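Colleague: Just model_39.pdb, nothing more (PDB, C-alpha atoms, pLDDT in the B column):
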ATOM      1  CA  MET A   1      11.729 -18.695  -3.299  1.00 74.00           C
ATOM      2  CA  ASN A   2      10.415 -18.830  -6.800  1.00 78.00           C
ATOM      3  CA  TYR A   3      11.131 -16.483  -9.680  1.00 75.00           C
ATOM      4  CA  GLU A   4       7.844 -14.622  -9.367  1.00 76.00           C
ATOM      5  CA  LEU A   5       8.444 -13.712  -5.701  1.00 81.00           C
ATOM      6  CA  ILE A   6      12.011 -12.535  -6.355  1.00 81.00           C
ATOM      7  CA  ASN A   7      10.800 -10.604  -9.387  1.00 78.00           C
ATOM      8  CA  SER A   8       8.045  -8.916  -7.354  1.00 81.00           C
ATOM      9  CA  ILE A   9      10.475  -7.939  -4.581  1.00 85.00           C
ATOM     10  CA  ALA A  10      12.957  -6.537  -7.114  1.00 84.00           C
ATOM     11  CA  VAL A  11      10.259  -4.545  -8.931  1.00 85.00           C
ATOM     12  CA  GLY A  12       9.046  -3.189  -5.588  1.00 87.00           C
ATOM     13  CA  LEU A  13      12.583  -2.049  -4.699  1.00 89.00           C
ATOM     14  CA  ILE A  14      13.010  -0.446  -8.112  1.00 88.00           C
ATOM     15  CA  SER A  15       9.733   1.393  -7.669  1.00 88.00           C
ATOM     16  CA  LEU A  16      10.719   2.583  -4.176  1.00 91.00           C
ATOM     17  CA  TRP A  17      14.101   3.774  -5.461  1.00 90.00           C
ATOM     18  CA  ALA A  18      12.535   5.697  -8.329  1.00 89.00           C
ATOM     19  CA  THR A  19       9.979   7.268  -5.981  1.00 92.00           C
ATOM     20  CA  TRP A  20      12.794   8.296  -3.631  1.00 92.00           C
ATOM     21  CA  CYS A  21      14.678   9.847  -6.564  1.00 90.00           C
ATOM     22  CA  VAL A  22      11.609  11.897  -7.510  1.00 90.00           C
ATOM     23  CA  LEU A  23      10.859  13.099  -3.976  1.00 93.00           C
ATOM     24  CA  SER A  24      14.394  13.592  -2.630  1.00 90.00           C
ATOM     25  CA  GLY A  25      16.038  16.981  -2.829  1.00 87.00           C
ATOM     26  CA  LYS A  26      19.456  15.313  -2.800  1.00 86.00           C
ATOM     27  CA  VAL A  27      18.972  13.883  -6.298  1.00 83.00           C
ATOM     28  CA  ARG A  28      19.644  16.683  -8.759  1.00 80.00           C
ATOM     29  CA  ASP A  29      18.967  15.164 -12.150  1.00 78.00           C
ATOM     30  CA  GLY A  30      16.807  17.962 -13.522  1.00 76.00           C
ATOM     31  CA  ILE A  31      13.315  17.823 -14.913  1.00 84.00           C
ATOM     32  CA  LEU A  32      14.098  15.100 -17.450  1.00 78.00           C
ATOM     33  CA  GLY A  33      15.653  12.890 -14.774  1.00 77.00           C
ATOM     34  CA  LYS A  34      12.659  13.371 -12.468  1.00 85.00           C
ATOM     35  CA  LEU A  35      10.360  12.489 -15.379  1.00 85.00           C
ATOM     36  CA  ILE A  36      12.344   9.305 -16.069  1.00 81.00           C
ATOM     37  CA  TYR A  37      12.260   8.321 -12.398  1.00 84.00           C
ATOM     38  CA  SER A  38       8.501   9.010 -12.301  1.00 86.00           C
ATOM     39  CA  THR A  39       7.981   6.727 -15.295  1.00 82.00           C
ATOM     40  CA  ILE A  40      10.021   3.963 -13.658  1.00 83.00           C
ATOM     41  CA  ALA A  41       8.097   4.345 -10.389  1.00 84.00           C
ATOM     42  CA  ILE A  42       4.684   4.258 -12.052  1.00 84.00           C
ATOM     43  CA  SER A  43       5.511   1.307 -14.297  1.00 80.00           C
ATOM     44  CA  GLY A  44       6.987  -0.608 -11.345  1.00 79.00           C
ATOM     45  CA  PHE A  45       3.843   0.084  -9.349  1.00 80.00           C
ATOM     46  CA  VAL A  46       1.684  -1.192 -12.216  1.00 76.00           C
ATOM     47  CA  VAL A  47       3.754  -4.377 -12.493  1.00 73.00           C
ATOM     48  CA  MET A  48       3.398  -4.948  -8.740  1.00 75.00           C
ATOM     49  CA  VAL A  49      -0.343  -4.266  -8.493  1.00 74.00           C
ATOM     50  CA  ARG A  50      -1.664  -5.889 -11.665  1.00 66.00           C
ATOM     51  CA  SER A  51       0.705  -8.890 -11.686  1.00 59.00           C
ATOM     52  CA  GLN A  52       1.649  -8.109 -15.263  1.00 54.00           C
ATOM     53  CA  ASN A  53       5.114  -8.093 -16.627  1.00 55.00           C
ATOM     54  CA  ILE A  54       5.761  -5.373 -19.161  1.00 54.00           C
ATOM     55  CA  PHE A  55       8.589  -6.897 -21.169  1.00 57.00           C
ATOM     56  CA  PHE A  56       9.558 -10.152 -19.488  1.00 53.00           C
ATOM     57  CA  GLY A  57       7.799 -12.964 -17.751  1.00 58.00           C
ATOM     58  CA  PRO A  58       9.400 -14.391 -14.641  1.00 60.00           C
ATOM     59  CA  THR A  59      12.307 -15.743 -16.678  1.00 57.00           C
ATOM     60  CA  THR A  60      15.950 -15.702 -15.760  1.00 61.00           C
ATOM     61  CA  ALA A  61      16.640 -12.755 -18.068  1.00 57.00           C
ATOM     62  CA  GLY A  62      13.793 -10.657 -16.701  1.00 61.00           C
ATOM     63  CA  LEU A  63      14.686 -11.571 -13.141  1.00 69.00           C
ATOM     64  CA  THR A  64      18.312 -10.603 -13.734  1.00 63.00           C
ATOM     65  CA  LEU A  65      17.255  -7.253 -15.191  1.00 65.00           C
ATOM     66  CA  HIS A  66      14.991  -6.433 -12.280  1.00 76.00           C
ATOM     67  CA  VAL A  67      17.469  -7.524  -9.603  1.00 78.00           C
ATOM     68  CA  SER A  68      20.311  -5.570 -11.214  1.00 71.00           C
ATOM     69  CA  LEU A  69      18.130  -2.450 -11.436  1.00 80.00           C
ATOM     70  CA  ALA A  70      17.173  -2.901  -7.783  1.00 82.00           C
ATOM     71  CA  LEU A  71      20.842  -3.180  -6.792  1.00 80.00           C
ATOM     72  CA  ALA A  72      21.684  -0.101  -8.870  1.00 78.00           C
ATOM     73  CA  GLY A  73      18.964   1.775  -7.028  1.00 83.00           C
ATOM     74  CA  ALA A  74      20.288   0.669  -3.637  1.00 85.00           C
ATOM     75  CA  ARG A  75      23.800   1.770  -4.648  1.00 83.00           C
ATOM     76  CA  HIS A  76      22.475   5.117  -5.865  1.00 86.00           C
ATOM     77  CA  ILE A  77      20.712   5.768  -2.548  1.00 87.00           C
ATOM     78  CA  PHE A  78      23.898   4.838  -0.644  1.00 87.00           C
ATOM     79  CA  MET A  79      26.099   7.072  -2.792  1.00 85.00           C
ATOM     80  CA  VAL A  80      23.797  10.090  -2.477  1.00 87.00           C
ATOM     81  CA  THR A  81      22.984   9.705   1.217  1.00 89.00           C
ATOM     82  CA  PHE A  82      25.876   8.015   3.017  1.00 91.00           C
ATOM     83  CA  TRP A  83      29.031   8.123   0.835  1.00 87.00           C
ATOM     84  CA  GLN A  84      30.517  11.450   1.962  1.00 89.00           C
ATOM     85  CA  PRO A  85      30.607  10.548   5.700  1.00 90.00           C
ATOM     86  CA  VAL A  86      31.895   7.056   4.877  1.00 89.00           C
ATOM     87  CA  LYS A  87      34.603   8.535   2.641  1.00 85.00           C
ATOM     88  CA  ALA A  88      35.653  10.978   5.382  1.00 84.00           C
ATOM     89  CA  TRP A  89      35.797   8.124   7.894  1.00 87.00           C
ATOM     90  CA  LEU A  90      37.903   6.030   5.515  1.00 85.00           C
ATOM     91  CA  CYS A  91      40.294   8.954   4.977  1.00 83.00           C
ATOM     92  CA  ARG A  92      40.759   9.388   8.716  1.00 80.00           C
ATOM     93  CA  THR A  93      41.122   5.671   9.400  1.00 85.00           C
ATOM     94  CA  LEU A  94      43.354   4.475   6.558  1.00 82.00           C
ATOM     95  CA  ASN A  95      45.830   7.352   6.103  1.00 76.00           C
ATOM     96  CA  CYS A  96      46.624   6.070   2.635  1.00 67.00           C
ATOM     97  CA  GLU A  97      48.420   7.995  -0.119  1.00 66.00           C
ATOM     98  CA  HIS A  98      45.166   9.052  -1.771  1.00 63.00           C
ATOM     99  CA  CYS A  99      43.730  10.310   1.513  1.00 61.00           C
ATOM    100  CA  MET A 100      46.766  12.422   2.373  1.00 58.00           C
ATOM    101  CA  ALA A 101      45.611  14.948  -0.231  1.00 60.00           C
ATOM    102  CA  CYS A 102      42.059  14.918   1.159  1.00 57.00           C
ATOM    103  CA  ASP A 103      40.814  18.163   2.697  1.00 60.00           C
ATOM    104  CA  LYS A 104      39.143  16.324   5.564  1.00 53.00           C
ATOM    105  CA  VAL A 105      42.415  14.930   6.925  1.00 48.00           C
ATOM    106  CA  ALA A 106      44.339  17.076   9.383  1.00 52.00           C
ATOM    107  CA  LYS A 107      47.694  17.811   7.807  1.00 52.00           C
ATOM    108  CA  ALA A 108      50.916  17.755   9.767  1.00 48.00           C
ATOM    109  CA  PRO A 109      52.875  20.996   9.769  1.00 48.00           C
ATOM    110  CA  GLU A 110      55.569  21.144   7.119  1.00 53.00           C
ATOM    111  CA  ARG A 111      59.183  21.167   8.238  1.00 47.00           C
ATOM    112  CA  LYS A 112      61.552  23.792   6.968  1.00 51.00           C
ATOM    113  CA  THR A 113      64.764  22.448   5.517  1.00 54.00           C
ATOM    114  CA  SER A 114      67.876  24.538   5.668  1.00 48.00           C
TER     115      SER A 114
END
Can you give me the file's structure in the form of structure tokens?
Modeller:
Amino acid sequence: MNYELINSIAVGLISLWATWCVLSGKVRDGILGKLIYSTIAISGFVVMVRSQNIFFGPTTAGLTLHVSLALAGARHIFMVTFWQPVKAWLCRTLNCEHCMACDKVAKAPERKTS
């Protein structure tokens, strides 16, 4: 894989993430947030279609920026879509100190001391 291919894949993922943020009802970032995501999606689409790089060529710095933004987008989608069920499953499975205060864990009845 060369830098240009990795850069194109990362820009495509960034553009898909931003489009998902605009169209999803789960992302509640307000009008300004939707406008920012729209700008990211459109600029990513332009970079993909016209083979132009807005700020960076396929250098290590530009590639790092695009890959890190793509990973941030993937994390954002995971946190919005799948985190709550995963967190509930972890609370049920681990029974750790933090999870004992969780509302999703069935609490044992308290014993009365005399």
Colleague: Rounded to one decimal in Å, what is the spacing between atom CA of A:Val22 and atom CA of A:Lys87?
Modeller: 25.4 Å
Colleague: List, as a list in words, every residue that the PyMOL selection byres ((chain A and resi 5-12) around 8) selects in the file provided.
Modeller: Met1, Asn2, Tyr3, Glu4, Leu13, Ile14, Ser15, Leu16, Gly44, Phe45, Val47, Met48, Pro58, Gly62, Leu63, His66, Val67, Leu69 and Ala70 of chain A
Colleague: What does the distance between atom CA of A:Lys26 and atom CA of A:Val80 come to in Å, to one decimal place?
Modeller: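 Atom CA of A:Val80 lies at a distance of 6.8 Å from atom CA of A:Lys26.
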Colleague: Near A:Ser38, within 8 Å and counting only C-alpha atoms, which residues show up once chain neighbours fewer than 3 positions away are dropped, as a list in words?
Modeller: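 The contact residues come out as Ala18, Thr19, Val22, Lys34, Leu35, Ala41 and Ile42 of chain A.
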Colleague: Edge lengths and centre, in Å to one decimal, as lines of an AutoDock Vina configuration file: that's what I need for the box along x, y and z that holds all listed atoms of stretch 37-49 of chain A plus 3 Å on each side.
Modeller:
center_x = 6.0
center_y = 2.0
center_z = -11.9
size_x = 18.6
size_y = 20.0
size_z = 12.8
Colleague: Grab the atom CA of A:Met79 to atom CA of A:Gly30 distance for me, in Å with one decimal place.
Modeller: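 It comes out at 17.9 Å.
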